[in-house]
>>> print(open('entry00.cif').read())   # mmCIF, C-alpha atoms and all ligand atoms
data_target
#
loop_
_atom_site.label_atom_id
_atom_site.label_comp_id
_atom_site.auth_asym_id
_atom_site.auth_seq_id
_atom_site.Cartn_x
_atom_site.Cartn_y
_atom_site.Cartn_z
CA MET T 1 0.00 0.00 0.00
CA PRO T 2 1.53 3.34 -0.97
CA ASN T 3 1.83 6.39 1.19
CA LYS T 4 -1.07 8.80 0.64
CA SER T 5 1.03 11.37 -1.18
CA THR T 6 2.59 8.82 -3.51
CA SER T 7 2.18 9.27 -7.22
CA SER T 8 3.99 7.39 -9.95
CA GLU T 9 6.05 10.53 -10.62
CA ILE T 10 7.33 10.60 -7.03
CA ILE T 11 8.26 6.91 -7.21
CA MET T 12 10.36 7.53 -10.33
CA THR T 13 12.19 10.46 -8.72
CA VAL T 14 13.03 8.50 -5.57
CA ARG T 15 14.40 5.58 -7.54
CA GLU T 16 16.59 7.77 -9.71
CA THR T 17 17.94 9.65 -6.69
CA GLN T 18 18.79 6.43 -4.86
CA ALA T 19 20.51 4.93 -7.86
CA ALA T 20 22.72 8.00 -8.19
CA GLU T 21 23.81 8.13 -4.54
CA PRO T 22 26.76 6.06 -3.31
CA GLN T 23 26.24 3.64 -0.41
CA ILE T 24 27.54 5.33 2.72
CA THR T 25 25.91 3.25 5.48
CA GLN T 26 27.37 0.04 6.85
CA ALA T 27 24.01 -1.69 6.89
CA PRO T 28 23.86 -4.97 4.97
CA VAL T 29 23.22 -4.55 1.28
CA ARG T 30 19.56 -5.07 0.59
CA THR T 31 17.97 -6.46 -2.52
CA ILE T 32 15.36 -4.14 -3.98
CA HIS T 33 12.87 -6.44 -5.62
CA LYS T 34 10.83 -5.56 -8.68
CA ILE T 35 7.22 -4.95 -7.69
CA VAL T 36 4.85 -6.93 -9.89
CA LYS T 37 1.95 -5.04 -11.39
CA TYR T 38 -1.74 -5.75 -11.73
CA GLY T 39 -2.27 -8.33 -14.44
CA ASP T 40 0.34 -10.75 -13.08
CA PRO T 41 -1.55 -13.88 -11.92
CA VAL T 42 0.61 -14.15 -8.76
CA LEU T 43 -1.35 -11.18 -7.34
CA GLU T 44 -4.63 -13.03 -7.60
CA LYS T 45 -3.76 -16.34 -6.02
CA PRO T 46 -3.59 -17.16 -2.29
CA GLY T 47 -0.09 -17.42 -0.82
CA ALA T 48 1.21 -20.64 0.75
CA THR T 49 1.54 -21.00 4.54
CA ILE T 50 5.14 -20.51 5.69
CA LYS T 51 6.55 -23.40 7.71
CA ARG T 52 10.29 -22.71 7.60
CA PHE T 53 11.61 -19.93 9.80
CA ASP T 54 15.26 -19.33 9.01
CA ALA T 55 17.79 -16.62 8.17
CA GLU T 56 16.57 -16.63 4.59
CA LEU T 57 13.07 -15.62 5.70
CA GLU T 58 14.46 -12.84 7.93
CA GLN T 59 16.52 -11.53 5.02
CA LEU T 60 13.57 -11.64 2.69
CA ALA T 61 11.50 -9.59 5.17
CA GLU T 62 14.29 -6.97 5.42
CA ASP T 63 14.59 -6.86 1.62
CA MET T 64 10.84 -6.31 1.46
CA PHE T 65 11.12 -3.32 3.82
CA ALA T 66 13.88 -1.88 1.60
CA THR T 67 11.76 -2.48 -1.51
CA MET T 68 8.75 -0.86 0.14
CA TYR T 69 10.72 2.20 1.34
CA ALA T 70 12.19 2.66 -2.14
CA SER T 71 8.63 3.07 -3.42
CA GLN T 72 7.45 5.13 -0.43
CA GLY T 73 4.97 2.45 0.56
CA VAL T 74 3.52 1.65 3.99
CA GLY T 75 2.92 -2.04 3.32
CA LEU T 76 4.15 -4.77 1.00
CA ALA T 77 3.09 -8.39 0.64
CA ALA T 78 5.29 -11.20 -0.73
CA PRO T 79 3.04 -11.86 -3.78
CA GLN T 80 3.85 -8.28 -4.85
CA ILE T 81 7.45 -9.33 -5.42
CA GLY T 82 6.33 -12.52 -7.14
CA LYS T 83 6.53 -14.83 -4.11
CA SER T 84 3.31 -16.67 -3.39
CA ILE T 85 3.81 -17.03 0.38
CA ARG T 86 2.05 -15.63 3.46
CA LEU T 87 4.55 -12.94 4.41
CA THR T 88 3.91 -9.22 4.62
CA VAL T 89 5.66 -6.16 6.04
CA VAL T 90 4.05 -2.93 7.25
CA ASP T 91 5.52 0.37 8.42
CA VAL T 92 3.14 3.32 8.43
CA THR T 93 6.06 5.69 9.25
CA THR T 94 7.69 4.79 5.86
CA GLY T 95 11.00 4.07 7.56
CA LYS T 96 11.14 7.07 9.90
CA ASN T 97 10.77 4.98 13.05
CA PRO T 98 12.56 1.57 13.12
CA GLU T 99 10.29 0.54 16.04
CA ALA T 100 7.29 0.74 13.72
CA LYS T 101 8.49 -2.08 11.44
CA ILE T 102 6.04 -4.99 11.54
CA VAL T 103 6.76 -8.38 9.96
CA MET T 104 3.74 -10.65 9.74
CA VAL T 105 4.03 -14.31 8.77
CA ASN T 106 0.86 -16.39 8.30
CA PRO T 107 -1.27 -13.53 9.70
CA GLU T 108 -4.99 -13.65 10.40
CA ILE T 109 -7.48 -11.05 11.55
CA ILE T 110 -8.94 -12.13 14.87
CA HIS T 111 -10.95 -9.01 15.66
CA ALA T 112 -12.29 -6.04 13.73
CA GLU T 113 -14.57 -3.18 14.64
CA GLY T 114 -15.83 0.11 13.31
CA GLU T 115 -15.82 1.38 9.73
CA VAL T 116 -13.75 4.01 7.99
CA ARG T 117 -14.09 5.02 4.33
CA GLU T 118 -10.80 6.32 3.02
CA GLU T 119 -8.87 6.50 -0.23
CA GLU T 120 -6.50 3.63 -0.85
CA GLY T 121 -3.89 2.69 -3.40
CA CYS T 122 -1.51 -0.18 -4.10
CA LEU T 123 2.14 -0.36 -5.19
CA SER T 124 1.07 -3.01 -7.72
CA ILE T 125 -1.56 -0.68 -9.20
CA PRO T 126 0.46 2.56 -9.40
CA GLY T 127 -1.36 5.76 -10.29
CA PHE T 128 -4.84 4.55 -9.29
CA ARG T 129 -6.73 5.12 -6.07
CA GLY T 130 -10.21 4.46 -4.78
CA TYR T 131 -12.32 4.74 -1.64
CA VAL T 132 -12.50 1.54 0.38
CA VAL T 133 -14.41 0.89 3.60
CA ARG T 134 -12.18 -0.85 6.17
CA PRO T 135 -12.55 -1.52 9.91
CA GLN T 136 -11.33 1.28 12.18
CA PHE T 137 -9.69 -1.19 14.56
CA VAL T 138 -8.15 -4.53 13.63
CA THR T 139 -6.35 -7.11 15.74
CA VAL T 140 -4.03 -9.46 13.86
CA ARG T 141 -2.49 -12.68 15.13
CA ALA T 142 0.68 -13.58 13.25
CA GLN T 143 4.14 -15.07 13.59
CA ASN T 144 7.32 -13.02 13.36
CA ALA T 145 10.25 -14.03 11.15
CA LYS T 146 11.49 -16.32 13.97
CA GLY T 147 8.17 -18.14 14.15
CA GLU T 148 7.01 -16.59 17.44
CA THR T 149 3.29 -15.87 17.63
CA PHE T 150 2.16 -12.35 18.55
CA GLU T 151 -0.94 -10.21 18.41
CA ILE T 152 -1.05 -6.60 17.29
CA ARG T 153 -3.86 -4.05 17.22
CA GLY T 154 -4.00 -1.33 14.61
CA GLU T 155 -6.18 1.76 14.30
CA ASN T 156 -7.12 3.78 11.20
CA LEU T 157 -4.18 3.76 8.69
CA LEU T 158 -2.47 0.84 10.45
CA ALA T 159 -5.75 -1.14 10.52
CA ARG T 160 -6.22 -0.31 6.83
CA ALA T 161 -2.68 -1.43 6.00
CA PHE T 162 -3.22 -4.73 7.85
CA CYS T 163 -6.44 -5.41 5.92
CA HIS T 164 -4.92 -4.40 2.56
CA GLU T 165 -1.80 -6.56 3.01
CA LEU T 166 -3.69 -9.57 4.40
CA ASP T 167 -5.99 -9.32 1.37
CA HIS T 168 -2.87 -9.65 -0.83
CA LEU T 169 -2.02 -12.94 0.89
CA ASN T 170 -5.47 -14.18 -0.14
CA GLY T 171 -5.09 -13.01 -3.73
CA VAL T 172 -7.44 -10.07 -3.20
CA LEU T 173 -6.70 -6.55 -4.50
CA PHE T 174 -8.30 -3.31 -3.34
CA LEU T 175 -10.01 -3.08 -6.74
CA GLN T 176 -12.34 -5.83 -5.57
CA HIS T 177 -13.65 -3.54 -2.82
CA LEU T 178 -14.59 -0.77 -5.27
CA SER T 179 -17.89 -0.35 -7.07
CA ILE T 180 -18.12 -2.34 -10.31
CA LEU T 181 -18.26 0.94 -12.23
CA LYS T 182 -15.07 2.33 -10.68
CA ARG T 183 -13.29 -1.04 -10.95
CA ASP T 184 -14.10 -1.41 -14.64
CA LEU T 185 -12.96 2.15 -15.30
CA ILE T 186 -9.55 1.44 -13.73
CA ARG T 187 -9.28 -1.91 -15.55
CA ARG T 188 -10.00 -0.24 -18.89
CA LYS T 189 -7.38 2.45 -18.26
CA ILE T 190 -4.79 -0.19 -17.32
CA LYS T 191 -5.63 -2.20 -20.44
CA LYS T 192 -5.02 0.91 -22.52
CA LEU T 193 -1.70 1.58 -20.74
CA ARG T 194 -0.66 -2.03 -21.39
CA LYS T 195 -1.42 -1.66 -25.10
CA GLN T 196 0.78 1.44 -25.16
CA GLY T 197 3.53 -0.50 -23.40
CA GLU T 198 3.31 1.73 -20.35
CA TRP T 199 2.23 -0.91 -17.82
ZN ZN Y 201 -1.36 -3.51 -2.37
#
>>> encode(input="entry00.cif", output="C-alpha cells")
Amino acid sequence: MPNKSTSSEIIMTVRETQAAEPQITQAPVRTIHKIVKYGDPVLEKPGATIKRFDAELEQLAEDMFATMYASQGVGLAAPQIGKSIRLTVVDVTTGKNPEAKIVMVNPEIIHAEGEVREEEGCLSIPGFRGYVVRPQFVTVRAQNAKGETFEIRGENLLARAFCHELDHLNGVLFLQHLSILKRDLIRRKIKKLRKQGEW
C-alpha cells in the first residue's frame, strides 16, 4: 500500500535519486525487488503458509522493507514481489521509526470493529486510487520471522494497511472492494496503458 502522497512521478524520482547516490551506510546490502503489477496472476492467487523460519526468511523480510521504502509504501506483501507465500511487512512511518516495522508471517485477523471510508492505493496498481471501507480497529495474530506468535492491534491507517496486506495474501486486491463501475474504469485504463507498453 503506498503512502497517501505517492504518485507514480514521485516513485520515479526517488528511484533515480537512490541509484545515483553512493552507499555510505554500513548496513547490509539489501535487494530491492521488482514490484509486480496488476495483471500478473501471482497477485490473484492465495499465498502458501510458511513453515520454515530461518535466516533466509528474515533476510527476505528486510529486503521487502527496503523495496517498500524505495517506493514510499507503507505495506508490502510477498506476492507483490512474485513470491506466493504468506509474508507481509508494514511500516506506516515509511521508515522514519525503526520501532514501527512490523513483519507478519501467516497472519490472520482475529478481531475487527468500526468502519472508515478512506482512499487507498496499491504499489502493484500505481497511479490509481479508490475509496474503500475498512474496519477502524483490527487485531491481527501472526508469527514473526522467527516463528514466534504475537498479536497486534491497529487503528485507522495501520488497521487499513493490515487489511490491505492480508488481502494480498489471499489473492485479493483493493479493486475488488470498489464499485463495479469504478473497478471497470480502472481496468480499462490499465488495459489501454498495457497496449501502449506503459504498464
Ligand atoms: Zn497492495
>>> residues_near_ligand(input="entry00.cif", ligand="ligand ZN 201 (chain Y)", cutoff="6 Å", atoms="all atoms listed in the file", output="tab-separated table (two decimals) with C-alpha atoms, keeping the file's coordinate frame")
chain	number	residue	atom	x	y	z
T	1	MET	CA	0.00	0.00	0.00
T	122	CYS	CA	-1.51	-0.18	-4.10
T	123	LEU	CA	2.14	-0.36	-5.19
T	124	SER	CA	1.07	-3.01	-7.72
>>> residues_around(input="entry00.cif", residues="Met64 in chain T", least_positions_apart="6", cutoff="12 Å", atoms="only C-alpha atoms", output="PDB file with C-alpha atoms, keeping the file's coordinate frame")
ATOM      1  CA  ARG T  30      19.560  -5.070   0.590  1.00  0.00           C
ATOM      2  CA  THR T  31      17.970  -6.460  -2.520  1.00  0.00           C
ATOM      3  CA  ILE T  32      15.360  -4.140  -3.980  1.00  0.00           C
ATOM      4  CA  HIS T  33      12.870  -6.440  -5.620  1.00  0.00           C
ATOM      5  CA  LYS T  34      10.830  -5.560  -8.680  1.00  0.00           C
ATOM      6  CA  ILE T  35       7.220  -4.950  -7.690  1.00  0.00           C
ATOM      7  CA  LEU T  57      13.070 -15.620   5.700  1.00  0.00           C
ATOM      8  CA  GLU T  58      14.460 -12.840   7.930  1.00  0.00           C
ATOM      9  CA  ALA T  70      12.190   2.660  -2.140  1.00  0.00           C
ATOM     10  CA  SER T  71       8.630   3.070  -3.420  1.00  0.00           C
ATOM     11  CA  GLY T  73       4.970   2.450   0.560  1.00  0.00           C
ATOM     12  CA  VAL T  74       3.520   1.650   3.990  1.00  0.00           C
ATOM     13  CA  GLY T  75       2.920  -2.040   3.320  1.00  0.00           C
ATOM     14  CA  LEU T  76       4.150  -4.770   1.000  1.00  0.00           C
ATOM     15  CA  ALA T  77       3.090  -8.390   0.640  1.00  0.00           C
ATOM     16  CA  ALA T  78       5.290 -11.200  -0.730  1.00  0.00           C
ATOM     17  CA  PRO T  79       3.040 -11.860  -3.780  1.00  0.00           C
ATOM     18  CA  GLN T  80       3.850  -8.280  -4.850  1.00  0.00           C
ATOM     19  CA  ILE T  81       7.450  -9.330  -5.420  1.00  0.00           C
ATOM     20  CA  GLY T  82       6.330 -12.520  -7.140  1.00  0.00           C
ATOM     21  CA  LYS T  83       6.530 -14.830  -4.110  1.00  0.00           C
ATOM     22  CA  LEU T  87       4.550 -12.940   4.410  1.00  0.00           C
ATOM     23  CA  THR T  88       3.910  -9.220   4.620  1.00  0.00           C
ATOM     24  CA  VAL T  89       5.660  -6.160   6.040  1.00  0.00           C
ATOM     25  CA  VAL T  90       4.050  -2.930   7.250  1.00  0.00           C
ATOM     26  CA  ASP T  91       5.520   0.370   8.420  1.00  0.00           C
ATOM     27  CA  LYS T 101       8.490  -2.080  11.440  1.00  0.00           C
ATOM     28  CA  ILE T 102       6.040  -4.990  11.540  1.00  0.00           C
ATOM     29  CA  VAL T 103       6.760  -8.380   9.960  1.00  0.00           C
ATOM     30  CA  MET T 104       3.740 -10.650   9.740  1.00  0.00           C
TER      31      MET T 104
END
>>> residues_around(input="entry00.cif", residues="range 140-145 of chain T", least_positions_apart="3", cutoff="10 Å", atoms="all atoms listed in the file", output="PyMOL selection string")
chain T and resi 50+52-62+87+102-112+148-154+159+162-163+166
>>> closest_residue(input="entry00.cif", among="T:Val42, T:Leu193, T:Ala48, T:Met68", to="Thr93 in chain T", atoms="all atoms listed in the file")
T:Met68
